[in-house]
Amino acid sequence: MNASTATIYRHSIDKAMDEATGEIGGNELISEHRRAPEKWNWTVQLVKDWESAFFSTATPRTRKIALRTSLVFGPAPGSVFATLSHLVRAGLGGKQGNGRQMVSWMHEADYARALEFLIAHEEIDGPVNLCAPHPLPNREFMAALREAWDVPNGLPAPPRSSR
C-alpha cells in the first residue's frame, strides 16, 4: 500500500469522484471565467507522477494499492480536526471561500479498519478511495462542526480576490 491522495480528482461541486468514474484534475474550469489555480494543477501533477512511479515497476508477487485518502480526522494536536475545531472555538469557523466546495473526510478509526479490510481482501488492488461516503459542502460541514462545539456563529474566510 502506498499513500496517495484524493486531491488527484478535479475540483467538483456537481458529482462525487471515485475510482470508477472520477475525473482526474488539472487545469479544469472552476467557474465561468476561471481555471483552477496553478498550485492545484501542481498538486494534481505531483499525485499523477507519484502514482505513475508506484505502478510502473512490475512486482509479480506483490499487489499494489494507491490509497487515495481524504482528510483523516482524529483528536491529536496539530491534526486537521484539531485545527478546524480550534478555529470554530475561536469564532473563525465560518465557510471558506464560497462554501460550495465539497469536504471529504473519514475518522481515524475508520481509516485503520479500511486498511485492515484491504489487507484481508487480496483481490483488491489499484487506486482505492478512502473517505466517508457522503461529502458535505464546506458551509454545511463548518455549520455541523460549530453545532458540535455549541458555537452559534463563525466568521467566514472570504474567497481570494481574482487579481
# chains A, B, ... in the order shown; residues from 1 in each chain; ligands from 1
>>> closest_atom_pairs(of="range 57-103 of chain A", to="range 139-158 of chain A", cutoff="10 Å", atoms="only C-alpha atoms", output="CSV")
residue,atom,partner,partner_atom,distance
A:Phe81,CA,A:Leu145,CA,9.6
A:Leu84,CA,A:Leu145,CA,8.3
A:Ser85,CA,A:Leu145,CA,7.2
A:His86,CA,A:Trp149,CA,9.9
A:Leu87,CA,A:Gly154,CA,8.5
A:Val88,CA,A:Arg146,CA,5.9
A:Arg89,CA,A:Val151,CA,6.7
A:Ala90,CA,A:Gly154,CA,8.3
A:Gly91,CA,A:Gly154,CA,4.8
A:Leu92,CA,A:Leu155,CA,4.6
A:Gly93,CA,A:Gly154,CA,4.3
A:Gly94,CA,A:Pro156,CA,3.9
A:Lys95,CA,A:Arg139,CA,4.7
A:Gln96,CA,A:Ala157,CA,4.7
A:Gly97,CA,A:Pro158,CA,4.8
A:Asn98,CA,A:Pro158,CA,7.3
A:Gly99,CA,A:Arg139,CA,4.5
A:Arg100,CA,A:Arg139,CA,6.6
A:Gln101,CA,A:Arg139,CA,8.3
A:Met102,CA,A:Phe141,CA,8.7
A:Val103,CA,A:Phe141,CA,7.1
>>> write_last_selection(atoms="all heavy atoms", output="short mmCIF file (atom, residue, chain, number, x, y, z; two decimals), in the first residue's frame")
data_model
loop_
_atom_site.label_atom_id
_atom_site.label_comp_id
_atom_site.auth_asym_id
_atom_site.auth_seq_id
_atom_site.Cartn_x
_atom_site.Cartn_y
_atom_site.Cartn_z
N PHE A 81 -8.54 17.88 12.19
CA PHE A 81 -9.71 18.04 13.06
C PHE A 81 -9.43 19.01 14.20
O PHE A 81 -10.24 19.88 14.50
CB PHE A 81 -10.16 16.68 13.60
CG PHE A 81 -11.37 16.78 14.48
CD1 PHE A 81 -12.63 17.00 13.94
CD2 PHE A 81 -11.26 16.67 15.86
CE1 PHE A 81 -13.75 17.10 14.75
CE2 PHE A 81 -12.37 16.77 16.67
CZ PHE A 81 -13.62 16.99 16.12
N LEU A 84 -9.32 22.62 12.74
CA LEU A 84 -10.65 23.15 12.43
C LEU A 84 -11.45 23.40 13.70
O LEU A 84 -12.16 24.42 13.81
CB LEU A 84 -11.40 22.20 11.49
CG LEU A 84 -10.86 22.11 10.06
CD1 LEU A 84 -11.59 21.04 9.28
CD2 LEU A 84 -10.94 23.46 9.36
N SER A 85 -11.34 22.51 14.68
CA SER A 85 -12.05 22.69 15.95
C SER A 85 -11.56 23.95 16.65
O SER A 85 -12.36 24.70 17.22
CB SER A 85 -11.83 21.47 16.85
OG SER A 85 -12.49 20.35 16.30
N HIS A 86 -10.27 24.19 16.61
CA HIS A 86 -9.71 25.40 17.24
C HIS A 86 -10.27 26.65 16.56
O HIS A 86 -10.65 27.62 17.23
CB HIS A 86 -8.18 25.37 17.16
CG HIS A 86 -7.54 26.60 17.71
ND1 HIS A 86 -7.48 26.88 19.06
CD2 HIS A 86 -6.97 27.66 17.08
CE1 HIS A 86 -6.88 28.05 19.24
NE2 HIS A 86 -6.57 28.54 18.04
N LEU A 87 -10.33 26.64 15.23
CA LEU A 87 -10.90 27.79 14.51
C LEU A 87 -12.34 28.04 14.92
O LEU A 87 -12.75 29.18 15.15
CB LEU A 87 -10.80 27.58 13.00
CG LEU A 87 -9.41 27.67 12.39
CD1 LEU A 87 -9.45 27.24 10.93
CD2 LEU A 87 -8.85 29.06 12.52
N VAL A 88 -13.12 26.95 15.00
CA VAL A 88 -14.53 27.08 15.39
C VAL A 88 -14.65 27.67 16.79
O VAL A 88 -15.41 28.62 17.01
CB VAL A 88 -15.24 25.70 15.29
CG1 VAL A 88 -16.57 25.71 16.03
CG2 VAL A 88 -15.43 25.31 13.84
N ARG A 89 -13.90 27.12 17.74
CA ARG A 89 -13.99 27.58 19.12
C ARG A 89 -13.51 29.03 19.26
O ARG A 89 -13.92 29.74 20.18
CB ARG A 89 -13.23 26.64 20.05
CG ARG A 89 -13.90 25.28 20.15
CD ARG A 89 -13.32 24.37 21.21
NE ARG A 89 -11.89 24.39 21.35
CZ ARG A 89 -11.03 23.58 20.72
NH1 ARG A 89 -11.48 22.70 19.85
NH2 ARG A 89 -9.74 23.67 20.94
N ALA A 90 -12.66 29.48 18.34
CA ALA A 90 -12.18 30.87 18.37
C ALA A 90 -13.11 31.82 17.61
O ALA A 90 -12.81 33.00 17.48
CB ALA A 90 -10.77 30.93 17.77
N GLY A 91 -14.22 31.29 17.08
CA GLY A 91 -15.17 32.14 16.37
C GLY A 91 -14.85 32.35 14.90
O GLY A 91 -15.46 33.17 14.24
N LEU A 92 -13.89 31.58 14.38
CA LEU A 92 -13.48 31.73 12.98
C LEU A 92 -13.95 30.57 12.10
O LEU A 92 -13.43 30.36 11.02
CB LEU A 92 -11.95 31.85 12.90
CG LEU A 92 -11.36 33.01 13.67
CD1 LEU A 92 -9.83 32.91 13.68
CD2 LEU A 92 -11.81 34.33 13.09
N GLY A 93 -14.94 29.84 12.56
CA GLY A 93 -15.36 28.62 11.86
C GLY A 93 -16.48 28.80 10.87
O GLY A 93 -17.34 27.94 10.74
N GLY A 94 -16.47 29.88 10.13
CA GLY A 94 -17.46 30.07 9.06
C GLY A 94 -17.00 29.34 7.80
O GLY A 94 -15.97 28.68 7.78
N LYS A 95 -17.77 29.50 6.76
CA LYS A 95 -17.41 28.87 5.48
C LYS A 95 -16.10 29.44 4.97
O LYS A 95 -15.73 30.58 5.27
CB LYS A 95 -18.52 29.05 4.46
CG LYS A 95 -18.69 30.51 4.05
CD LYS A 95 -19.77 30.68 3.02
CE LYS A 95 -19.92 32.17 2.75
NZ LYS A 95 -20.11 32.54 1.42
N GLN A 96 -15.41 28.65 4.18
CA GLN A 96 -14.21 29.14 3.49
C GLN A 96 -14.59 29.39 2.03
O GLN A 96 -15.27 28.57 1.41
CB GLN A 96 -13.08 28.11 3.56
CG GLN A 96 -12.43 28.01 4.93
CD GLN A 96 -13.07 26.94 5.79
OE1 GLN A 96 -13.36 25.86 5.33
NE2 GLN A 96 -13.30 27.26 7.05
N GLY A 97 -14.17 30.52 1.52
CA GLY A 97 -14.50 30.87 0.14
C GLY A 97 -16.00 30.96 -0.04
O GLY A 97 -16.71 31.51 0.80
N ASN A 98 -16.51 30.38 -1.13
CA ASN A 98 -17.95 30.43 -1.38
C ASN A 98 -18.72 29.36 -0.60
O ASN A 98 -19.94 29.37 -0.60
CB ASN A 98 -18.26 30.35 -2.89
CG ASN A 98 -17.85 29.02 -3.49
OD1 ASN A 98 -17.74 27.99 -2.82
ND2 ASN A 98 -17.62 29.03 -4.80
N GLY A 99 -18.00 28.42 0.03
CA GLY A 99 -18.64 27.41 0.86
C GLY A 99 -19.25 26.25 0.10
O GLY A 99 -19.81 25.33 0.69
N ARG A 100 -19.16 26.27 -1.24
CA ARG A 100 -19.76 25.18 -2.03
C ARG A 100 -18.81 24.00 -2.24
O ARG A 100 -19.25 22.94 -2.66
CB ARG A 100 -20.22 25.72 -3.38
CG ARG A 100 -21.37 26.69 -3.28
CD ARG A 100 -21.99 27.00 -4.63
NE ARG A 100 -21.01 27.23 -5.67
CZ ARG A 100 -20.65 28.43 -6.14
NH1 ARG A 100 -21.19 29.51 -5.66
NH2 ARG A 100 -19.76 28.54 -7.09
N GLN A 101 -17.51 24.20 -1.99
CA GLN A 101 -16.56 23.12 -2.24
C GLN A 101 -16.86 21.94 -1.30
O GLN A 101 -17.23 22.13 -0.15
CB GLN A 101 -15.11 23.60 -2.10
CG GLN A 101 -14.70 24.04 -0.71
CD GLN A 101 -15.06 25.47 -0.36
OE1 GLN A 101 -16.03 26.02 -0.85
NE2 GLN A 101 -14.27 26.07 0.52
N MET A 102 -16.73 20.73 -1.81
CA MET A 102 -17.05 19.53 -1.05
C MET A 102 -15.91 19.19 -0.10
O MET A 102 -14.75 19.32 -0.44
CB MET A 102 -17.34 18.36 -1.99
CG MET A 102 -18.47 18.63 -2.97
SD MET A 102 -20.03 19.11 -2.19
CE MET A 102 -20.61 17.55 -1.61
N VAL A 103 -16.29 18.74 1.10
CA VAL A 103 -15.32 18.32 2.11
C VAL A 103 -15.47 16.81 2.30
O VAL A 103 -16.53 16.34 2.71
CB VAL A 103 -15.54 19.05 3.46
CG1 VAL A 103 -14.53 18.59 4.49
CG2 VAL A 103 -15.46 20.55 3.27
#
>>> select_by_dssp(residues="chain A", states="strand (DSSP E or B)", output="JSON, numbers by chain")
{"A": [2, 3, 9, 24, 29, 30, 31, 34, 35, 65, 66, 67, 68, 69, 71, 72, 73, 96, 102, 103, 105, 106, 107, 126, 127, 128, 129, 130, 136, 137, 157]}
>>> residues_around(residues="Thr7 in chain A", least_positions_apart="5", cutoff="8 Å", atoms="only C-alpha atoms", output="ChimeraX atom specification")
/A:43-44,47,68,70
>>> closest_residue(among="A:Asn138, A:Ser104, A:Asn41, A:Ser56", to="Asp18 in chain A", atoms="only C-alpha atoms")
A:Ser104
